[in-house]
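What follows is a short report on a single structure.
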Amino acid sequence: PVLRVECDEGTVAATALLPFGERLPLVRRPQSNLWEGRFLVPEGLADGRYAIRIVLTDASGARITEAKHFVLDGTAPTITPEALPPARSGERVRIAARTDSDVVFLTARVGDAAPVPLRWDAGAKASVGEVTVPVTRDTRAPIFFEAVDGAKNRGFARASLEVLP
């Protein structure tokens, strides 16, 4: 993960004290007040919210310490597609799926068609979109779902649609 902290202009050094004992010197990004550092998560550290201490030093040498938190999320999102009614080739079909609350992007595609974004619908309590049933001789069309969460984990699911003659 990358830890980013925005600091006052007078900050000359920033260090993060990570909860597993590592001291991480942060580096200022050019022409900004943004300091960042990359670290490795120890194997076996559970997903969750962790406290860190940020130590900031100004030009006079004065130090200030702030408590911050980060969320560790190494789990792929789950996708639960809703059942689909049968449809004919060329028809538009509403599809819906439920996902984890931290999903920021969800798509579905039928067969080899382009992915279609699914958007949250509060009334349906699911993410929904419309796809076109492909023109095919097959009686089933595969639907592929992909979800991306805030930590950039990717989850996948499959469903199928009965294609009527």
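Going by the structure tokens order, chains are called A, B, ..., each with residues numbered from 1, while ligands are numbered from 1 in the order shown.
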Spatial neighbours of range 65-71 of chain A, 12 Å, only C-alpha atoms, chain gap at least 5 places, as a compact mmCIF listing (two decimals) with N, CA and C atoms, in the first residue's frame:
# COMPACT_ATOMS: atom_id res chain seq x y z
N PRO A 1 0.82 -1.21 0.00
CA PRO A 1 0.00 0.00 0.00
C PRO A 1 0.86 1.26 0.00
N VAL A 2 0.26 2.35 -0.43
CA VAL A 2 0.91 3.65 -0.39
C VAL A 2 0.17 4.50 0.64
N LEU A 3 0.93 5.10 1.54
CA LEU A 3 0.37 6.00 2.56
C LEU A 3 0.65 7.42 2.10
N ARG A 4 -0.41 8.24 2.02
CA ARG A 4 -0.26 9.63 1.60
C ARG A 4 -0.81 10.54 2.69
N VAL A 5 -0.05 11.60 3.00
CA VAL A 5 -0.44 12.55 4.03
C VAL A 5 -0.22 13.96 3.49
N GLU A 6 -1.24 14.81 3.60
CA GLU A 6 -1.08 16.21 3.21
C GLU A 6 -0.66 16.99 4.45
N CYS A 7 0.42 17.76 4.32
CA CYS A 7 1.01 18.48 5.46
C CYS A 7 1.03 19.99 5.18
N ALA A 13 9.91 17.27 7.32
CA ALA A 13 10.07 15.82 7.42
C ALA A 13 8.76 15.23 7.95
N ALA A 14 8.45 14.03 7.48
CA ALA A 14 7.26 13.31 7.96
C ALA A 14 7.60 11.83 8.04
N THR A 15 7.19 11.22 9.14
CA THR A 15 7.45 9.81 9.36
C THR A 15 6.18 9.15 9.87
N ALA A 16 5.90 7.97 9.37
CA ALA A 16 4.74 7.20 9.85
C ALA A 16 5.25 6.06 10.73
N LEU A 17 4.65 5.92 11.89
CA LEU A 17 4.96 4.81 12.80
C LEU A 17 3.82 3.81 12.65
N LEU A 18 4.10 2.73 11.95
CA LEU A 18 3.08 1.75 11.60
C LEU A 18 2.77 0.82 12.78
N PRO A 19 1.58 0.26 12.84
CA PRO A 19 1.16 -0.52 14.00
C PRO A 19 1.92 -1.83 14.19
N VAL A 41 2.78 -5.02 3.84
CA VAL A 41 1.97 -5.49 4.96
C VAL A 41 2.52 -6.85 5.39
N LEU A 45 -1.42 -10.40 8.53
CA LEU A 45 -2.11 -9.28 9.16
C LEU A 45 -3.54 -9.24 8.64
N ALA A 46 -4.49 -9.30 9.55
CA ALA A 46 -5.91 -9.38 9.17
C ALA A 46 -6.40 -8.06 8.57
N ASP A 47 -7.38 -8.17 7.68
CA ASP A 47 -8.05 -6.98 7.17
C ASP A 47 -8.68 -6.24 8.35
N GLY A 48 -8.70 -4.92 8.25
CA GLY A 48 -9.31 -4.13 9.31
C GLY A 48 -8.79 -2.71 9.33
N ARG A 49 -9.18 -1.98 10.36
CA ARG A 49 -8.78 -0.58 10.54
C ARG A 49 -7.64 -0.53 11.55
N TYR A 50 -6.57 0.17 11.19
CA TYR A 50 -5.37 0.23 12.03
C TYR A 50 -4.99 1.67 12.31
N ALA A 51 -4.54 1.92 13.53
CA ALA A 51 -4.07 3.24 13.94
C ALA A 51 -2.59 3.38 13.61
N ILE A 52 -2.21 4.56 13.14
CA ILE A 52 -0.80 4.88 12.91
C ILE A 52 -0.53 6.24 13.54
N ARG A 53 0.73 6.51 13.81
CA ARG A 53 1.15 7.83 14.31
C ARG A 53 1.95 8.48 13.21
N ILE A 54 1.65 9.74 12.92
CA ILE A 54 2.40 10.52 11.94
C ILE A 54 3.20 11.56 12.72
N VAL A 55 4.51 11.56 12.54
CA VAL A 55 5.39 12.52 13.21
C VAL A 55 5.83 13.53 12.16
N LEU A 56 5.47 14.81 12.39
CA LEU A 56 5.79 15.89 11.46
C LEU A 56 6.82 16.80 12.10
N THR A 57 7.81 17.21 11.31
CA THR A 57 8.85 18.11 11.80
C THR A 57 8.85 19.35 10.93
N ASP A 58 8.91 20.54 11.59
CA ASP A 58 8.98 21.79 10.82
C ASP A 58 10.42 22.28 10.75
N ASP A 102 -18.14 -1.58 -0.25
CA ASP A 102 -16.98 -0.78 -0.66
C ASP A 102 -16.68 -0.87 -2.15
N GLY A 150 -12.62 -0.16 -3.29
CA GLY A 150 -11.78 1.01 -3.03
C GLY A 150 -10.30 0.69 -2.91
N ALA A 151 -9.96 -0.54 -2.55
CA ALA A 151 -8.56 -0.95 -2.43
C ALA A 151 -8.05 -1.57 -3.73
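The list of residues with at least one atom within 12 Å of Ser101 in chain A, based on only C-alpha atoms and without residues fewer than 6 positions apart in the same chain, reads Pro77, Thr78, Ile79, Trp120, Lys125, Ala126, Ser127, Ala147, Val148, Asp149 and Gly150 of chain A.
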Those residues you just picked out, can you put them in a file as a compact mmCIF listing (two decimals), in the first residue's frame with N, CA, C and O atoms?
# COMPACT_ATOMS: atom_id res chain seq x y z
N PRO A 77 -14.02 -8.31 -3.70
CA PRO A 77 -15.46 -8.12 -3.47
C PRO A 77 -16.27 -9.33 -3.94
O PRO A 77 -15.88 -10.01 -4.89
N THR A 78 -17.37 -9.56 -3.26
CA THR A 78 -18.28 -10.61 -3.69
C THR A 78 -19.40 -9.99 -4.53
O THR A 78 -19.79 -8.85 -4.31
N ILE A 79 -19.89 -10.75 -5.48
CA ILE A 79 -20.96 -10.31 -6.37
C ILE A 79 -22.04 -11.38 -6.34
O ILE A 79 -21.74 -12.56 -6.53
N TRP A 120 -25.94 1.91 -8.76
CA TRP A 120 -26.72 1.65 -7.57
C TRP A 120 -28.14 2.19 -7.73
O TRP A 120 -28.34 3.32 -8.17
N LYS A 125 -32.25 -1.85 -4.15
CA LYS A 125 -31.20 -2.27 -3.21
C LYS A 125 -30.17 -3.15 -3.91
O LYS A 125 -29.71 -4.16 -3.39
N ALA A 126 -29.84 -2.75 -5.14
CA ALA A 126 -28.87 -3.48 -5.96
C ALA A 126 -28.33 -2.53 -7.02
O ALA A 126 -28.87 -1.45 -7.24
N SER A 127 -27.27 -2.94 -7.66
CA SER A 127 -26.74 -2.19 -8.80
C SER A 127 -27.39 -2.77 -10.05
O SER A 127 -27.47 -4.00 -10.21
N ALA A 147 -16.29 -6.62 -10.34
CA ALA A 147 -16.40 -5.54 -9.36
C ALA A 147 -15.00 -5.14 -8.90
O ALA A 147 -14.11 -5.99 -8.77
N VAL A 148 -14.82 -3.84 -8.65
CA VAL A 148 -13.57 -3.31 -8.13
C VAL A 148 -13.91 -2.52 -6.87
O VAL A 148 -14.82 -1.68 -6.89
N ASP A 149 -13.19 -2.79 -5.78
CA ASP A 149 -13.46 -2.04 -4.55
C ASP A 149 -12.47 -0.90 -4.37
O ASP A 149 -11.60 -0.68 -5.22
N GLY A 150 -12.62 -0.16 -3.29
CA GLY A 150 -11.78 1.01 -3.03
C GLY A 150 -10.30 0.69 -2.91
O GLY A 150 -9.46 1.55 -3.12
If we count only C-alpha atoms, what is near range 88-92 of chain A at a cut-off of 10 Å, once residues fewer than 5 positions away on the same chain are taken out, given as a list of chain:residue names?
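Neighbouring residues, sequence-local ones excluded: A:Gly129, A:Glu130, A:Val131, A:Thr132, A:Val133, A:Pro134, A:Val135, A:Thr136, A:Arg137, A:Asp138, A:Thr139, A:Ala141, A:Leu161, A:Glu162, A:Val163, A:Leu164, A:Pro165.
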Store the residues of this selection in a file with C-alpha atoms, as a PDB file, in the first residue's frame.
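Saved file again-v4.pdb follows:
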ATOM      1  CA  GLY A 129     -28.126  -1.861 -15.800  1.00  0.00           C
ATOM      2  CA  GLU A 130     -29.425  -2.988 -19.158  1.00  0.00           C
ATOM      3  CA  VAL A 131     -27.818  -5.328 -21.657  1.00  0.00           C
ATOM      4  CA  THR A 132     -28.865  -6.516 -25.079  1.00  0.00           C
ATOM      5  CA  VAL A 133     -29.376 -10.240 -25.508  1.00  0.00           C
ATOM      6  CA  PRO A 134     -27.019 -11.376 -28.284  1.00  0.00           C
ATOM      7  CA  VAL A 135     -28.312 -12.855 -31.505  1.00  0.00           C
ATOM      8  CA  THR A 136     -27.365 -16.484 -31.075  1.00  0.00           C
ATOM      9  CA  ARG A 137     -28.495 -20.012 -31.802  1.00  0.00           C
ATOM     10  CA  ASP A 138     -27.487 -21.020 -28.277  1.00  0.00           C
ATOM     11  CA  THR A 139     -30.179 -21.393 -25.649  1.00  0.00           C
ATOM     12  CA  ALA A 141     -25.922 -16.650 -22.932  1.00  0.00           C
ATOM     13  CA  LEU A 161     -29.480 -15.973 -19.370  1.00  0.00           C
ATOM     14  CA  GLU A 162     -31.927 -18.283 -21.085  1.00  0.00           C
ATOM     15  CA  VAL A 163     -32.288 -17.201 -24.717  1.00  0.00           C
ATOM     16  CA  LEU A 164     -35.700 -17.978 -26.215  1.00  0.00           C
ATOM     17  CA  PRO A 165     -36.070 -18.897 -29.903  1.00  0.00           C
TER      18      PRO A 165
END
Spatial neighbours of Val12 in chain A, max dist 12 Å, only C-alpha atoms, sep filter under 4 positions, as an mmCIF file with all heavy atoms, in the first residue's frame:
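Result file is part_23.cif:
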data_model
loop_
_atom_site.group_PDB
_atom_site.id
_atom_site.type_symbol
_atom_site.label_atom_id
_atom_site.label_comp_id
_atom_site.auth_asym_id
_atom_site.auth_seq_id
_atom_site.Cartn_x
_atom_site.Cartn_y
_atom_site.Cartn_z
ATOM 1 N N CYS A 7 0.422 17.764 4.319
ATOM 2 C CA CYS A 7 1.006 18.484 5.456
ATOM 3 C C CYS A 7 1.035 19.989 5.183
ATOM 4 O O CYS A 7 0.888 20.428 4.045
ATOM 5 C CB CYS A 7 2.438 17.998 5.709
ATOM 6 S SG CYS A 7 2.548 16.240 6.056
ATOM 7 N N ASP A 8 1.288 20.769 6.232
ATOM 8 C CA ASP A 8 1.465 22.214 6.085
ATOM 9 C C ASP A 8 2.720 22.485 5.255
ATOM 10 O O ASP A 8 3.637 21.655 5.189
ATOM 11 C CB ASP A 8 1.621 22.880 7.459
ATOM 12 C CG ASP A 8 0.346 22.840 8.263
ATOM 13 O OD1 ASP A 8 -0.746 22.792 7.661
ATOM 14 O OD2 ASP A 8 0.433 22.852 9.504
ATOM 15 N N PRO A 25 9.751 6.489 6.707
ATOM 16 C CA PRO A 25 9.990 7.886 6.323
ATOM 17 C C PRO A 25 9.164 8.203 5.073
ATOM 18 O O PRO A 25 9.184 7.451 4.103
ATOM 19 C CB PRO A 25 11.480 7.939 6.006
ATOM 20 C CG PRO A 25 12.058 6.647 6.474
ATOM 21 C CD PRO A 25 10.936 5.665 6.546
ATOM 22 N N LEU A 26 8.449 9.308 5.112
ATOM 23 C CA LEU A 26 7.644 9.724 3.971
ATOM 24 C C LEU A 26 8.444 10.699 3.121
ATOM 25 O O LEU A 26 9.287 11.439 3.630
ATOM 26 C CB LEU A 26 6.343 10.360 4.448
ATOM 27 C CG LEU A 26 5.482 9.483 5.370
ATOM 28 C CD1 LEU A 26 4.218 10.226 5.797
ATOM 29 C CD2 LEU A 26 5.128 8.168 4.706
ATOM 30 N N VAL A 27 8.175 10.719 1.834
ATOM 31 C CA VAL A 27 8.893 11.566 0.883
ATOM 32 C C VAL A 27 7.905 12.583 0.320
ATOM 33 O O VAL A 27 6.787 12.225 -0.059
ATOM 34 C CB VAL A 27 9.496 10.710 -0.259
ATOM 35 C CG1 VAL A 27 10.170 11.588 -1.294
ATOM 36 C CG2 VAL A 27 10.466 9.686 0.307
ATOM 37 N N ARG A 28 8.351 13.851 0.255
ATOM 38 C CA ARG A 28 7.495 14.907 -0.289
ATOM 39 C C ARG A 28 7.435 14.794 -1.814
ATOM 40 O O ARG A 28 8.453 14.670 -2.479
ATOM 41 C CB ARG A 28 8.041 16.281 0.094
ATOM 42 C CG ARG A 28 7.181 17.412 -0.426
ATOM 43 C CD ARG A 28 7.768 18.775 -0.064
ATOM 44 N NE ARG A 28 6.734 19.532 0.600
ATOM 45 C CZ ARG A 28 6.922 20.430 1.523
ATOM 46 N NH1 ARG A 28 8.138 20.706 1.944
ATOM 47 N NH2 ARG A 28 5.921 21.063 2.055
ATOM 48 N N ARG A 29 6.210 14.845 -2.339
ATOM 49 C CA ARG A 29 6.041 14.853 -3.791
ATOM 50 C C ARG A 29 6.419 16.240 -4.311
ATOM 51 O O ARG A 29 6.121 17.245 -3.675
ATOM 52 C CB ARG A 29 4.609 14.509 -4.162
ATOM 53 C CG ARG A 29 4.272 13.059 -3.803
ATOM 54 C CD ARG A 29 2.968 12.627 -4.371
ATOM 55 N NE ARG A 29 2.880 12.883 -5.787
ATOM 56 C CZ ARG A 29 3.001 11.966 -6.735
ATOM 57 N NH1 ARG A 29 3.236 10.731 -6.401
ATOM 58 N NH2 ARG A 29 2.879 12.277 -8.001
ATOM 59 N N ASN A 33 2.307 19.659 -1.161
ATOM 60 C CA ASN A 33 2.391 19.447 0.281
ATOM 61 C C ASN A 33 2.023 18.008 0.630
ATOM 62 O O ASN A 33 1.665 17.700 1.758
ATOM 63 C CB ASN A 33 1.450 20.413 1.017
ATOM 64 C CG ASN A 33 1.935 21.841 0.925
ATOM 65 O OD1 ASN A 33 3.138 22.095 0.835
ATOM 66 N ND2 ASN A 33 1.015 22.783 0.920
ATOM 67 N N LEU A 34 2.104 17.136 -0.350
ATOM 68 C CA LEU A 34 1.743 15.740 -0.179
ATOM 69 C C LEU A 34 2.996 14.914 0.076
ATOM 70 O O LEU A 34 3.950 14.963 -0.689
ATOM 71 C CB LEU A 34 1.024 15.233 -1.438
ATOM 72 C CG LEU A 34 0.362 13.878 -1.349
ATOM 73 C CD1 LEU A 34 -0.792 13.906 -0.348
ATOM 74 C CD2 LEU A 34 -0.162 13.479 -2.718
ATOM 75 N N TRP A 35 2.970 14.167 1.169
ATOM 76 C CA TRP A 35 4.068 13.283 1.543
ATOM 77 C C TRP A 35 3.558 11.856 1.416
ATOM 78 O O TRP A 35 2.406 11.567 1.740
ATOM 79 C CB TRP A 35 4.504 13.558 2.975
ATOM 80 C CG TRP A 35 5.126 14.911 3.164
ATOM 81 C CD1 TRP A 35 4.502 16.125 3.146
ATOM 82 C CD2 TRP A 35 6.490 15.183 3.399
ATOM 83 N NE1 TRP A 35 5.405 17.140 3.343
ATOM 84 C CE2 TRP A 35 6.642 16.576 3.520
ATOM 85 C CE3 TRP A 35 7.627 14.380 3.534
ATOM 86 C CZ2 TRP A 35 7.856 17.188 3.767
ATOM 87 C CZ3 TRP A 35 8.848 14.989 3.782
ATOM 88 C CH2 TRP A 35 8.954 16.386 3.889
ATOM 89 N N VAL A 55 4.507 11.561 12.544
ATOM 90 C CA VAL A 55 5.394 12.518 13.208
ATOM 91 C C VAL A 55 5.832 13.535 12.161
ATOM 92 O O VAL A 55 6.457 13.180 11.161
ATOM 93 C CB VAL A 55 6.622 11.824 13.837
ATOM 94 C CG1 VAL A 55 7.522 12.845 14.512
ATOM 95 C CG2 VAL A 55 6.192 10.733 14.806
ATOM 96 N N LEU A 56 5.468 14.806 12.385
ATOM 97 C CA LEU A 56 5.791 15.889 11.462
ATOM 98 C C LEU A 56 6.822 16.801 12.098
ATOM 99 O O LEU A 56 6.704 17.146 13.282
ATOM 100 C CB LEU A 56 4.527 16.677 11.117
ATOM 101 C CG LEU A 56 3.346 15.853 10.593
ATOM 102 C CD1 LEU A 56 2.105 16.712 10.474
ATOM 103 C CD2 LEU A 56 3.704 15.216 9.275
ATOM 104 N N THR A 57 7.805 17.214 11.311
ATOM 105 C CA THR A 57 8.853 18.113 11.799
ATOM 106 C C THR A 57 8.852 19.350 10.930
ATOM 107 O O THR A 57 8.817 19.259 9.696
ATOM 108 C CB THR A 57 10.239 17.427 11.717
ATOM 109 O OG1 THR A 57 10.170 16.170 12.400
ATOM 110 C CG2 THR A 57 11.324 18.292 12.345
ATOM 111 N N ASP A 58 8.907 20.545 11.588
ATOM 112 C CA ASP A 58 8.981 21.790 10.820
ATOM 113 C C ASP A 58 10.422 22.283 10.747
ATOM 114 O O ASP A 58 11.337 21.648 11.299
ATOM 115 C CB ASP A 58 8.021 22.847 11.370
ATOM 116 C CG ASP A 58 8.404 23.372 12.739
ATOM 117 O OD1 ASP A 58 9.560 23.178 13.192
ATOM 118 O OD2 ASP A 58 7.531 23.994 13.378
ATOM 119 N N ALA A 59 10.655 23.427 10.082
ATOM 120 C CA ALA A 59 12.004 23.953 9.844
ATOM 121 C C ALA A 59 12.747 24.275 11.135
ATOM 122 O O ALA A 59 13.974 24.204 11.186
ATOM 123 C CB ALA A 59 11.939 25.184 8.948
ATOM 124 N N SER A 60 12.022 24.608 12.210
ATOM 125 C CA SER A 60 12.679 24.931 13.475
ATOM 126 C C SER A 60 13.049 23.680 14.270
ATOM 127 O O SER A 60 13.691 23.772 15.316
ATOM 128 C CB SER A 60 11.765 25.825 14.330
ATOM 129 O OG SER A 60 10.666 25.063 14.819
ATOM 130 N N GLY A 61 12.626 22.518 13.795
ATOM 131 C CA GLY A 61 12.906 21.273 14.502
ATOM 132 C C GLY A 61 11.768 20.829 15.413
ATOM 133 O O GLY A 61 11.842 19.766 16.021
ATOM 134 N N ALA A 62 10.733 21.671 15.521
ATOM 135 C CA ALA A 62 9.588 21.309 16.359
ATOM 136 C C ALA A 62 8.855 20.120 15.741
ATOM 137 O O ALA A 62 8.734 20.020 14.516
ATOM 138 C CB ALA A 62 8.645 22.498 16.506
ATOM 139 N N ARG A 63 8.387 19.236 16.610
ATOM 140 C CA ARG A 63 7.676 18.047 16.141
ATOM 141 C C ARG A 63 6.250 18.034 16.672
ATOM 142 O O ARG A 63 5.991 18.448 17.791
ATOM 143 C CB ARG A 63 8.382 16.782 16.608
ATOM 144 C CG ARG A 63 9.684 16.564 15.938
ATOM 145 C CD ARG A 63 10.288 15.250 16.336
ATOM 146 N NE ARG A 63 11.539 15.073 15.628
ATOM 147 C CZ ARG A 63 12.344 14.080 15.817
ATOM 148 N NH1 ARG A 63 12.036 13.133 16.668
ATOM 149 N NH2 ARG A 63 13.463 14.001 15.131
ATOM 150 N N ILE A 64 5.399 17.534 15.835
ATOM 151 C CA ILE A 64 4.009 17.324 16.231
ATOM 152 C C ILE A 64 3.641 15.904 15.801
ATOM 153 O O ILE A 64 4.093 15.429 14.772
ATOM 154 C CB ILE A 64 3.055 18.370 15.608
ATOM 155 C CG1 ILE A 64 1.658 18.192 16.158
ATOM 156 C CG2 ILE A 64 3.067 18.289 14.108
ATOM 157 C CD1 ILE A 64 0.705 19.323 15.812
#
Given only C-alpha atoms as the basis, pick out the residue of A:Thr107, A:Gly155, A:Val128, A:Ser160 nearest to Ile143 in chain A.
A:Ser160
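Using only C-alpha atoms, the nearest neighbour of Val104 in chain A within the list A:Phe20, A:Val116, A:Asn153, A:Phe39 is A:Asn153.
Here CA of Pro115 in chain A is placed at a distance of 17.4 Å from CA of Leu84 in chain A.
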Could you tell me which of A:Glu43, A:Gln31, A:Arg119, A:Thr99 comes closest to Gly74 in chain A if we count only C-alpha atoms?
A:Glu43
Mind pulling up the distance from CA of Ala96 in chain A to CA of Arg109 in chain A?
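Distance between the two atoms: 12.0 Å.
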One decimal place gives the CA of Val110 in chain A-CA of Ala157 in chain A separation as 12.3 Å
Please, which residues of range 9-85 of chain A, numbered as in this document, come out strand (DSSP E or B) from DSSP, as a ChimeraX atom specification?
/A:11-17,23-28,34-38,48-58,63-72,79-81
For Glu146 in chain A, which residue among A:Val103, A:Gly111, A:Ala83, A:Ala122 is the nearest when counting only C-alpha atoms?
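Checking each candidate against Glu146 in chain A, we get A:Val103 as the closest.
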